[in-house]
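Data from coords_27.cif: mmCIF, C-alpha atoms and all ligand atoms
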```cif
data_protein
loop_
_atom_site.label_atom_id
_atom_site.label_comp_id
_atom_site.auth_asym_id
_atom_site.auth_seq_id
_atom_site.Cartn_x
_atom_site.Cartn_y
_atom_site.Cartn_z
CA MET A 1 -14.64 -33.32 96.10
CA GLU A 2 -12.66 -30.10 96.05
CA THR A 3 -8.91 -30.68 95.82
CA LYS A 4 -6.55 -28.21 97.44
CA ILE A 5 -3.49 -27.80 95.20
CA VAL A 6 -0.35 -26.41 96.83
CA LYS A 7 2.86 -25.67 94.94
CA ILE A 8 5.86 -26.44 97.11
CA ASP A 9 9.04 -24.44 96.97
CA ILE A 10 11.62 -26.38 98.95
CA LYS A 11 13.67 -23.20 99.41
CA ASN A 12 10.81 -21.51 101.26
CA ALA A 13 11.03 -23.41 104.54
CA ALA A 14 8.12 -21.70 106.34
CA GLU A 15 5.68 -22.22 103.46
CA MET A 16 6.80 -25.82 102.98
CA GLN A 17 6.36 -26.54 106.68
CA LYS A 18 2.80 -25.19 106.61
CA ALA A 19 1.87 -27.22 103.52
CA ILE A 20 3.33 -30.36 105.08
CA ASP A 21 1.51 -29.80 108.38
CA ASP A 22 -1.78 -29.31 106.51
CA ALA A 23 -1.18 -32.43 104.42
CA ALA A 24 -0.23 -34.50 107.49
CA ARG A 25 -3.49 -33.43 109.15
CA VAL A 26 -5.43 -34.63 106.10
CA ILE A 27 -3.68 -38.03 106.30
CA ILE A 28 -4.29 -38.39 110.05
CA GLN A 29 -7.97 -37.52 109.57
CA GLY A 30 -8.32 -40.30 107.00
CA GLY A 31 -8.04 -38.24 103.80
CA LEU A 32 -5.85 -38.57 100.70
CA VAL A 33 -2.82 -36.47 99.70
CA VAL A 34 -0.81 -36.71 96.48
CA PHE A 35 2.85 -36.02 97.25
CA PRO A 36 6.11 -35.91 95.27
CA THR A 37 8.78 -38.59 95.62
CA GLU A 38 12.09 -38.99 93.80
CA THR A 39 10.58 -41.72 91.58
CA VAL A 40 6.99 -40.71 90.68
CA TYR A 41 4.16 -38.99 92.58
CA GLY A 42 2.37 -41.06 95.24
CA LEU A 43 -1.32 -41.12 96.17
CA GLY A 44 -1.07 -41.34 99.95
CA GLY A 45 -3.29 -42.24 102.87
CA ASN A 46 -2.83 -43.57 106.42
CA GLY A 47 -1.13 -46.94 105.94
CA LEU A 48 -2.63 -48.37 109.10
CA SER A 49 -6.22 -47.53 108.19
CA ARG A 50 -8.46 -49.93 106.32
CA ASP A 51 -10.74 -47.12 105.20
CA ALA A 52 -7.90 -44.97 103.86
CA ALA A 53 -6.71 -47.92 101.74
CA LYS A 54 -10.23 -48.35 100.37
CA LYS A 55 -10.34 -44.66 99.46
CA ILE A 56 -7.01 -45.01 97.65
CA TYR A 57 -8.31 -47.89 95.50
CA ALA A 58 -11.45 -45.91 94.70
CA ALA A 59 -9.58 -42.68 93.79
CA LYS A 60 -7.24 -44.61 91.48
CA GLY A 61 -9.85 -46.90 90.01
CA ARG A 62 -7.54 -49.76 91.01
CA PRO A 63 -8.53 -53.39 91.60
CA SER A 64 -8.23 -54.09 95.34
CA ASP A 65 -6.20 -57.28 94.76
CA ASN A 66 -3.18 -55.12 93.91
CA PRO A 67 -1.38 -54.25 97.19
CA LEU A 68 0.03 -50.89 98.23
CA ILE A 69 3.56 -49.87 99.27
CA LEU A 70 4.01 -48.55 102.82
CA HIS A 71 6.24 -45.47 102.85
CA ILE A 72 8.34 -44.97 105.97
CA ALA A 73 10.43 -42.04 107.22
CA ARG A 74 13.47 -44.08 108.27
CA PRO A 75 14.66 -47.57 107.26
CA GLU A 76 14.33 -48.80 110.85
CA ASP A 77 10.61 -47.89 110.86
CA ALA A 78 10.02 -51.05 108.78
CA GLU A 79 10.26 -52.92 112.08
CA ALA A 80 6.82 -51.63 113.13
CA VAL A 81 5.01 -53.14 110.13
CA ALA A 82 7.21 -56.01 108.92
CA VAL A 83 9.66 -58.69 110.02
CA THR A 84 13.11 -57.44 109.06
CA SER A 85 16.31 -59.47 108.65
CA PRO A 86 20.06 -59.05 108.14
CA MET A 87 19.43 -58.95 104.37
CA TYR A 88 16.98 -56.09 104.89
CA GLU A 89 19.62 -54.25 106.94
CA ARG A 90 22.14 -54.67 104.12
CA LEU A 91 19.76 -53.36 101.48
CA ALA A 92 18.68 -50.50 103.73
CA THR A 93 22.26 -49.45 104.47
CA LEU A 94 23.14 -49.35 100.78
CA PHE A 95 19.99 -48.03 99.13
CA MET A 96 17.73 -46.26 101.66
CA PRO A 97 16.48 -43.62 101.61
CA GLY A 98 16.08 -44.04 97.86
CA PRO A 99 14.27 -45.72 94.97
CA LEU A 100 14.09 -49.24 96.46
CA THR A 101 11.02 -51.10 97.77
CA VAL A 102 11.55 -54.26 99.80
CA VAL A 103 8.93 -57.00 100.25
CA LEU A 104 8.99 -58.51 103.77
CA PRO A 105 6.76 -60.71 105.94
CA VAL A 106 3.93 -58.50 107.23
CA LYS A 107 2.97 -57.86 110.86
CA THR A 108 -0.65 -57.98 111.99
CA CYS A 109 -1.05 -54.21 112.52
CA VAL A 110 -1.17 -53.72 108.73
CA PRO A 111 -4.73 -53.92 107.38
CA LYS A 112 -5.43 -56.64 104.82
CA SER A 113 -6.74 -53.98 102.46
CA VAL A 114 -3.17 -52.59 102.22
CA THR A 115 -1.53 -55.95 101.44
CA ALA A 116 -4.48 -57.33 99.46
CA GLY A 117 -4.43 -60.21 101.93
CA LEU A 118 -0.84 -61.31 101.15
CA SER A 119 1.46 -62.52 103.93
CA THR A 120 4.01 -59.89 102.88
CA VAL A 121 4.13 -56.10 102.76
CA ALA A 122 6.16 -53.78 100.52
CA VAL A 123 8.09 -51.01 102.32
CA ARG A 124 9.93 -48.04 100.90
CA CYS A 125 11.80 -45.15 102.47
CA PRO A 126 11.69 -42.27 99.97
CA ALA A 127 14.58 -39.80 99.66
CA HIS A 128 12.47 -36.82 98.51
CA PRO A 129 12.43 -34.25 101.36
CA VAL A 130 8.69 -33.50 100.98
CA ALA A 131 7.83 -37.20 101.15
CA HIS A 132 10.14 -37.66 104.11
CA TRP A 133 8.74 -34.72 106.10
CA LEU A 134 5.15 -35.67 105.30
CA ILE A 135 5.57 -39.22 106.64
CA GLU A 136 7.40 -37.85 109.67
CA ALA A 137 4.67 -35.27 110.38
CA ALA A 138 1.84 -37.76 109.88
CA GLY A 139 3.48 -40.14 112.38
CA VAL A 140 2.18 -43.21 110.52
CA PRO A 141 3.46 -45.13 107.50
CA ILE A 142 1.84 -43.75 104.34
CA ALA A 143 0.31 -46.25 101.93
CA ALA A 144 0.80 -44.92 98.41
CA PRO A 145 0.54 -46.30 94.92
CA SER A 146 1.63 -44.13 92.01
CA ALA A 147 -0.80 -41.22 91.64
CA ASN A 148 -2.11 -42.09 88.16
CA LEU A 149 -5.53 -43.41 87.27
CA SER A 150 -5.17 -47.18 87.00
CA GLY A 151 -3.73 -48.09 83.60
CA SER A 152 -2.15 -44.78 82.62
CA PRO A 153 1.53 -43.84 82.96
CA SER A 154 2.64 -42.79 86.48
CA PRO A 155 2.68 -38.99 86.90
CA THR A 156 6.11 -37.37 87.08
CA CYS A 157 5.07 -33.71 87.31
CA GLY A 158 2.34 -31.63 88.98
CA ALA A 159 0.40 -31.05 85.74
CA HIS A 160 0.02 -34.79 85.09
CA VAL A 161 -1.08 -35.40 88.68
CA ILE A 162 -3.75 -32.72 88.30
CA GLU A 163 -4.97 -34.30 85.03
CA ASP A 164 -5.64 -37.60 86.81
CA MET A 165 -6.37 -36.69 90.44
CA ASN A 166 -8.05 -33.28 90.59
CA GLY A 167 -11.42 -33.78 92.30
CA ARG A 168 -10.48 -37.28 93.57
CA VAL A 169 -8.21 -36.41 96.52
CA ASP A 170 -8.21 -33.86 99.35
CA MET A 171 -4.86 -32.32 98.56
CA ILE A 172 -2.09 -32.29 95.95
CA LEU A 173 1.44 -31.21 96.89
CA ASP A 174 3.05 -30.09 93.63
CA GLY A 175 6.80 -30.43 94.09
CA GLY A 176 7.80 -30.07 90.42
CA ASP A 177 9.45 -32.75 88.29
CA ALA A 178 10.29 -36.17 89.73
CA ASP A 179 13.99 -36.91 89.68
CA PHE A 180 14.03 -40.53 88.39
CA GLY A 181 10.69 -40.57 86.53
CA LEU A 182 10.17 -44.35 86.90
CA GLU A 183 8.82 -46.19 89.94
CA SER A 184 11.11 -47.79 92.52
CA THR A 185 12.87 -51.11 92.12
CA ILE A 186 10.90 -53.80 94.00
CA VAL A 187 12.80 -56.70 95.49
CA LYS A 188 11.54 -59.59 97.58
CA ILE A 189 13.79 -61.08 100.24
CA GLU A 190 13.64 -64.86 99.87
CA ASP A 191 16.24 -65.74 102.54
CA ASP A 192 19.52 -64.34 103.78
CA GLU A 193 21.29 -65.11 100.53
CA SER A 194 18.69 -64.63 97.85
CA LEU A 195 16.43 -62.00 96.35
CA THR A 196 13.79 -61.89 93.64
CA LEU A 197 13.59 -58.77 91.50
CA LEU A 198 9.88 -58.07 91.02
CA ARG A 199 10.11 -54.69 89.29
CA PRO A 200 13.31 -53.10 87.95
CA GLY A 201 14.06 -49.43 88.64
CA ALA A 202 16.93 -47.06 89.34
CA ILE A 203 18.49 -49.61 91.70
CA THR A 204 19.60 -51.99 88.98
CA LEU A 205 20.00 -55.77 88.80
CA GLU A 206 23.76 -55.15 88.76
CA ASP A 207 23.45 -53.09 91.99
CA LEU A 208 21.54 -55.93 93.67
CA ARG A 209 23.98 -58.58 92.45
CA ALA A 210 26.74 -56.66 94.20
CA VAL A 211 24.87 -57.32 97.47
CA THR A 212 24.27 -61.01 96.80
CA PRO A 213 24.95 -63.02 93.65
CA VAL A 214 21.62 -64.85 94.00
CA VAL A 215 19.08 -62.50 92.45
CA LYS A 216 16.32 -64.11 90.43
CA VAL A 217 14.44 -61.94 87.94
CA ALA A 218 10.69 -62.63 88.14
CA ASP A 219 9.21 -63.89 84.86
CA ALA A 220 6.83 -60.98 84.48
CA VAL A 221 9.68 -58.42 84.47
CA LEU A 222 10.65 -59.03 80.85
CA HIS A 223 7.93 -61.26 79.36
CA ALA A 224 4.19 -61.28 79.01
CA LEU A 225 2.81 -63.76 81.52
CA ARG A 226 1.93 -67.09 79.98
CA GLU A 227 -1.11 -69.12 80.92
CA GLY A 228 -0.60 -70.77 84.32
CA GLU A 229 2.44 -68.69 85.37
CA THR A 230 2.34 -67.39 88.95
CA VAL A 231 2.32 -63.65 89.46
CA LEU A 232 4.73 -62.76 92.25
CA SER A 233 3.78 -59.09 92.20
CA PRO A 234 0.07 -58.57 91.52
CA GLY A 235 0.64 -55.24 89.71
CA MET A 236 2.60 -57.06 86.99
CA LYS A 237 -0.48 -58.70 85.55
CA TYR A 238 -2.30 -55.53 84.65
CA ARG A 239 -1.87 -53.65 81.40
CA HIS A 240 0.10 -50.72 82.64
CA TYR A 241 1.59 -47.37 81.82
CA ALA A 242 -0.29 -47.47 78.58
CA PRO A 243 -1.03 -44.48 76.39
CA ALA A 244 -4.39 -44.68 74.60
CA THR A 245 -2.61 -44.49 71.21
CA GLU A 246 -1.35 -47.91 70.06
CA THR A 247 2.30 -48.13 70.97
CA TYR A 248 4.98 -50.44 69.50
CA LEU A 249 8.61 -51.12 70.34
CA LEU A 250 10.95 -51.37 67.37
CA ASP A 251 13.90 -53.64 68.01
CA GLY A 252 16.51 -52.45 65.54
CA ASP A 253 19.06 -49.72 64.85
CA GLY A 254 18.20 -46.14 63.88
CA ASP A 255 18.26 -46.82 60.12
CA ALA A 256 15.98 -49.86 60.41
CA ARG A 257 13.52 -47.95 62.57
CA LEU A 258 13.58 -44.99 60.17
CA SER A 259 12.75 -47.24 57.18
CA TYR A 260 9.98 -48.97 59.12
CA VAL A 261 8.35 -45.69 60.13
CA ALA A 262 8.76 -44.27 56.60
CA LYS A 263 6.88 -47.31 55.28
CA ARG A 264 4.04 -46.68 57.76
CA VAL A 265 3.85 -43.05 56.59
CA SER A 266 3.68 -44.19 52.94
CA GLU A 267 0.81 -46.51 53.91
CA GLY A 268 -1.20 -43.52 55.14
CA HIS A 269 -0.47 -43.68 58.90
CA THR A 270 0.41 -40.70 61.10
CA PRO A 271 3.02 -42.11 63.48
CA CYS A 272 4.68 -40.35 66.34
CA VAL A 273 8.16 -41.54 67.34
CA LEU A 274 10.28 -41.49 70.45
CA VAL A 275 13.88 -41.24 69.25
CA TYR A 276 17.36 -40.71 70.61
CA GLU A 277 18.69 -37.18 70.31
CA GLU A 278 21.30 -38.29 67.77
CA GLU A 279 18.52 -39.53 65.43
CA ARG A 280 16.23 -36.51 65.55
CA ALA A 281 17.38 -34.87 62.29
CA THR A 282 16.86 -38.00 60.16
CA PHE A 283 13.34 -38.62 61.51
CA LEU A 284 12.45 -34.97 60.82
CA GLU A 285 12.95 -35.73 57.13
CA ILE A 286 9.85 -37.97 57.17
CA LEU A 287 7.69 -36.65 60.04
CA PRO A 288 6.37 -33.28 61.26
CA GLN A 289 8.37 -31.68 64.07
CA ASP A 290 5.90 -32.34 66.90
CA HIS A 291 5.71 -36.05 65.98
CA VAL A 292 9.45 -36.55 66.57
CA ILE A 293 9.96 -36.69 70.33
CA VAL A 294 13.47 -36.87 71.75
CA PHE A 295 13.69 -38.85 74.96
CA GLY A 296 17.40 -38.49 75.62
CA LYS A 297 20.87 -39.20 74.26
CA LYS A 298 21.37 -42.84 73.25
CA ASP A 299 23.73 -43.58 76.14
CA ASP A 300 21.88 -41.57 78.77
CA MET A 301 19.33 -44.09 80.06
CA ARG A 302 18.86 -42.12 83.25
CA MET A 303 17.60 -39.16 81.19
CA GLN A 304 15.42 -41.45 79.04
CA ALA A 305 13.85 -42.86 82.23
CA HIS A 306 13.33 -39.36 83.57
CA ASN A 307 11.46 -38.37 80.38
CA LEU A 308 9.61 -41.57 79.42
CA PHE A 309 6.27 -41.31 81.26
CA TYR A 310 6.06 -37.55 80.74
CA LEU A 311 6.56 -37.99 77.00
CA LEU A 312 4.18 -40.95 76.65
CA ARG A 313 1.43 -38.81 78.14
CA GLU A 314 2.29 -35.88 75.89
CA ALA A 315 2.55 -38.14 72.80
CA ASP A 316 -0.96 -39.34 73.52
CA LYS A 317 -2.30 -35.81 73.12
CA LEU A 318 -1.05 -35.54 69.51
CA SER A 319 -3.16 -36.59 66.56
CA ALA A 320 -0.90 -39.60 65.87
CA ASP A 321 -2.55 -42.99 65.26
CA GLU A 322 0.45 -44.98 66.48
CA ILE A 323 3.53 -44.43 68.65
CA TYR A 324 6.91 -46.11 67.94
CA ALA A 325 9.77 -46.27 70.43
CA PRO A 326 13.12 -48.06 70.32
CA ALA A 327 13.47 -51.27 72.37
CA PRO A 328 16.11 -50.41 75.00
CA PRO A 329 19.01 -52.72 75.93
CA LEU A 330 18.52 -54.81 79.08
CA THR A 331 21.58 -53.65 80.99
CA GLY A 332 21.63 -51.12 83.86
CA MET A 333 18.62 -48.77 83.83
CA GLY A 334 17.74 -50.27 80.43
CA MET A 335 15.95 -53.15 82.15
CA ALA A 336 13.61 -50.73 83.94
CA LEU A 337 13.00 -48.82 80.72
CA TYR A 338 12.28 -52.05 78.83
CA ASN A 339 9.94 -53.29 81.59
CA ARG A 340 7.82 -50.09 81.41
CA MET A 341 8.01 -49.77 77.63
CA ILE A 342 6.84 -53.32 76.85
CA ARG A 343 3.82 -52.63 79.07
CA ALA A 344 3.15 -49.31 77.34
CA ALA A 345 3.31 -51.27 74.10
CA ALA A 346 1.08 -54.09 75.43
CA HIS A 347 4.03 -56.44 74.61
CA ARG A 348 4.02 -55.55 70.90
CA VAL A 349 7.72 -55.69 69.99
CA ILE A 350 8.57 -55.65 66.28
CA THR A 351 11.97 -57.17 65.51
CA LEU A 352 13.55 -55.43 62.54
O1 LIG A 401 8.28 -45.57 93.23
C1 LIG A 401 7.31 -46.16 93.68
O2 LIG A 401 7.38 -47.32 94.13
C2 LIG A 401 5.97 -45.41 93.73
C3 LIG A 401 6.10 -44.23 94.68
C4 LIG A 401 4.82 -43.49 94.89
O3 LIG A 401 6.64 -44.67 95.88
N1 LIG A 401 4.90 -46.27 94.09
C5 LIG A 401 4.41 -47.24 93.27
O4 LIG A 401 3.31 -47.92 93.78
O5 LIG A 401 4.87 -47.46 92.17
P1 LIG A 401 2.36 -48.81 92.86
O6 LIG A 401 1.25 -49.21 93.77
O7 LIG A 401 1.98 -48.08 91.64
O8 LIG A 401 3.21 -50.07 92.53
C6 LIG A 401 3.52 -50.97 93.58
C7 LIG A 401 3.73 -52.34 93.05
C8 LIG A 401 2.45 -52.99 92.52
O9 LIG A 401 2.78 -53.59 91.28
C9 LIG A 401 2.11 -54.05 93.55
O10 LIG A 401 1.52 -55.17 92.98
C10 LIG A 401 3.48 -54.36 94.14
O11 LIG A 401 4.14 -53.13 94.16
N2 LIG A 401 3.39 -54.85 95.52
C11 LIG A 401 2.92 -54.21 96.60
N3 LIG A 401 2.96 -55.00 97.68
C12 LIG A 401 3.49 -56.18 97.29
C13 LIG A 401 3.79 -57.41 97.96
N4 LIG A 401 3.54 -57.58 99.23
N5 LIG A 401 4.34 -58.39 97.21
C14 LIG A 401 4.61 -58.24 95.91
N6 LIG A 401 4.33 -57.10 95.22
C15 LIG A 401 3.78 -56.08 95.90
MG MG A 402 1.60 -47.74 89.69
#
```

So that I can check it, write out the structure of this file as structure tokens.
Amino acid sequence: METKIVKIDIKNAAEMQKAIDDAARVIIQGGLVVFPTETVYGLGGNGLSRDAAKKIYAAKGRPSDNPLILHIARPEDAEAVAVTSPMYERLATLFMPGPLTVVLPVKTCVPKSVTAGLSTVAVRCPAHPVAHWLIEAAGVPIAAPSANLSGSPSPTCGAHVIEDMNGRVDMILDGGDADFGLESTIVKIEDDESLTLLRPGAITLEDLRAVTPVVKVADAVLHALREGETVLSPGMKYRHYAPATETYLLDGDGDARLSYVAKRVSEGHTPCVLVYEEERATFLEILPQDHVIVFGKKDDMRMQAHNLFYLLREADKLSADEIYAPAPPLTGMGMALYNRMIRAAAHRVITL
């Protein structure tokens, strides 16, 4: 299939309008469009069409038991596809539009291929103007998983979308770098007092606990699933976000990580490291420049999140035989970083 790639310049209103109209037409006619959001790029199709959902699974190479998020233009549009509640209203008022996905009881107009047959549906109202205008112009909710091939890190820039999706979709809207760089927080409403955090993101556990103190963190968020444990969010059970190069998290301070990596070098390995800016100079004493990748200042977890997926993909293109990254703390955005990084590392955490 030939993919039409359009670079979007938000400042050029006329050009943006035309690109969005073209993309909306593709969606309405049953085709697929990759579009930018503030979290990561989405691979979108008509959320009310069974066939569009099937095409999405095929383009991504994704198992069809892993449901899709419905993207809506306004928080109140959830009403058309799901049963909302006062708790939904509270979350929507505080965090929508933005990087939050809410799991609600589904209505019958949503095809089973979108929800993978679950009794619930995930809805999200993105803040990115291109995403917003596209949903608005299409006039239907847009079903969209992250626009990566199943198993690789979510794309956060046009170039990474093109690597994975060129030839697999009708159109790609290249809107530059994603703001957050990690997928949305997913929360399930249990009742009017309680929530379950299914996937951490830029809306943090602390943010949710300010809405209600009863927020349970699903087991799969921080641990590998053990035999017999229930998966609350099907996507959690797949190996995810993983670079092809074996990746490890090192749980220890800068000095301990430096000694560990130095030992690997002395054993004949060619490691590549993700390090905090403050540590760059010391790691350069033992590794070549392009194998020392800075992913942000130690305290700037928002910047680390912004860079993580981009850098994991770039690290994979080096001739390194292993990638080492620091295990982030679990507070604030750190929980989202940890959740993605333990998956990238296939749960290999080395305690130093
Ligand atoms: O930021 C994001 O959420 C991005 C952008 C494009 O909006 N989308 C995204 O979609 O990350 P995806 O498909 O890559 O991840 C959605 C996750 C999957 O792990 C899926 O299992 C879970 O949401 N999910 C979808 N519907 C669900 C439901 N009804 N109950 C529980 N989990 C659900
Ligand atoms: Mg994904």

Which one is closest to ligand LIG 401 (chain A): A:Gly201, A:Gly158, A:Gly30, A:Gly167? Count only C-alpha atoms and all ligand atoms.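 Distance minimum relative to ligand LIG 401 (chain A) lands on A:Gly201.
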
6 Å contact set for region 302-319 of chain A, only C-alpha atoms, chain neighbours under 6 positions out, as a PDB file with C-alpha atoms, in the frame of the given file:
```pdb
ATOM      1  CA  PRO A 153       1.530 -43.840  82.960  1.00  0.00           C
ATOM      2  CA  PHE A 180      14.030 -40.530  88.390  1.00  0.00           C
ATOM      3  CA  GLY A 181      10.690 -40.570  86.530  1.00  0.00           C
ATOM      4  CA  PRO A 243      -1.030 -44.480  76.390  1.00  0.00           C
ATOM      5  CA  THR A 245      -2.610 -44.490  71.210  1.00  0.00           C
ATOM      6  CA  PHE A 295      13.690 -38.850  74.960  1.00  0.00           C
ATOM      7  CA  GLY A 296      17.400 -38.490  75.620  1.00  0.00           C
TER       8      GLY A 296
END
```

Determine, for each residue of region 133-203 of chain A having at least one atom at most 8 Å from an atom of region 7-14 of chain A, the closest pair of atoms and their separation in Å to one decimal, counting only C-alpha atoms; order by chain and ascending number, as a Markdown table.
```
| residue | atom | partner | partner_atom | distance |
| --- | --- | --- | --- | --- |
| A:Leu173 | CA | A:Lys7 | CA | 6.0 |
| A:Asp174 | CA | A:Lys7 | CA | 4.6 |
| A:Gly175 | CA | A:Ile8 | CA | 5.1 |
| A:Gly176 | CA | A:Ile8 | CA | 7.9 |
```

Looking at only C-alpha atoms and all ligand atoms, which of A:Thr39, A:Thr204, A:Thr196, A:Asn148 is the one that sits closest to ligand MG 402 (chain A)?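 Between A:Thr39, A:Thr204, A:Thr196, A:Asn148, the residue approaching ligand MG 402 (chain A) most closely is A:Asn148.
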
Write out as a PDB file with C-alpha atoms, in the coordinates of the input each polymer residue (protein, DNA or RNA) that has an atom no more than 7 Å from ligand MG 402 (chain A), with only C-alpha atoms and all ligand atoms counted.
```pdb
ATOM      1  CA  PRO A 145       0.540 -46.300  94.920  1.00  0.00           C
ATOM      2  CA  SER A 146       1.630 -44.130  92.010  1.00  0.00           C
ATOM      3  CA  ASN A 148      -2.110 -42.090  88.160  1.00  0.00           C
ATOM      4  CA  SER A 154       2.640 -42.790  86.480  1.00  0.00           C
TER       5      SER A 154
END
```

As a quick test: using all atoms listed in the file, which residues lie no more than 7 Å away from ligand LIG 401 (chain A)? Give them as a ChimeraX atom specification. /A:37,39-43,66-69,99,101,103,115,118,120-122,124,126,144-147,182-186,232-236
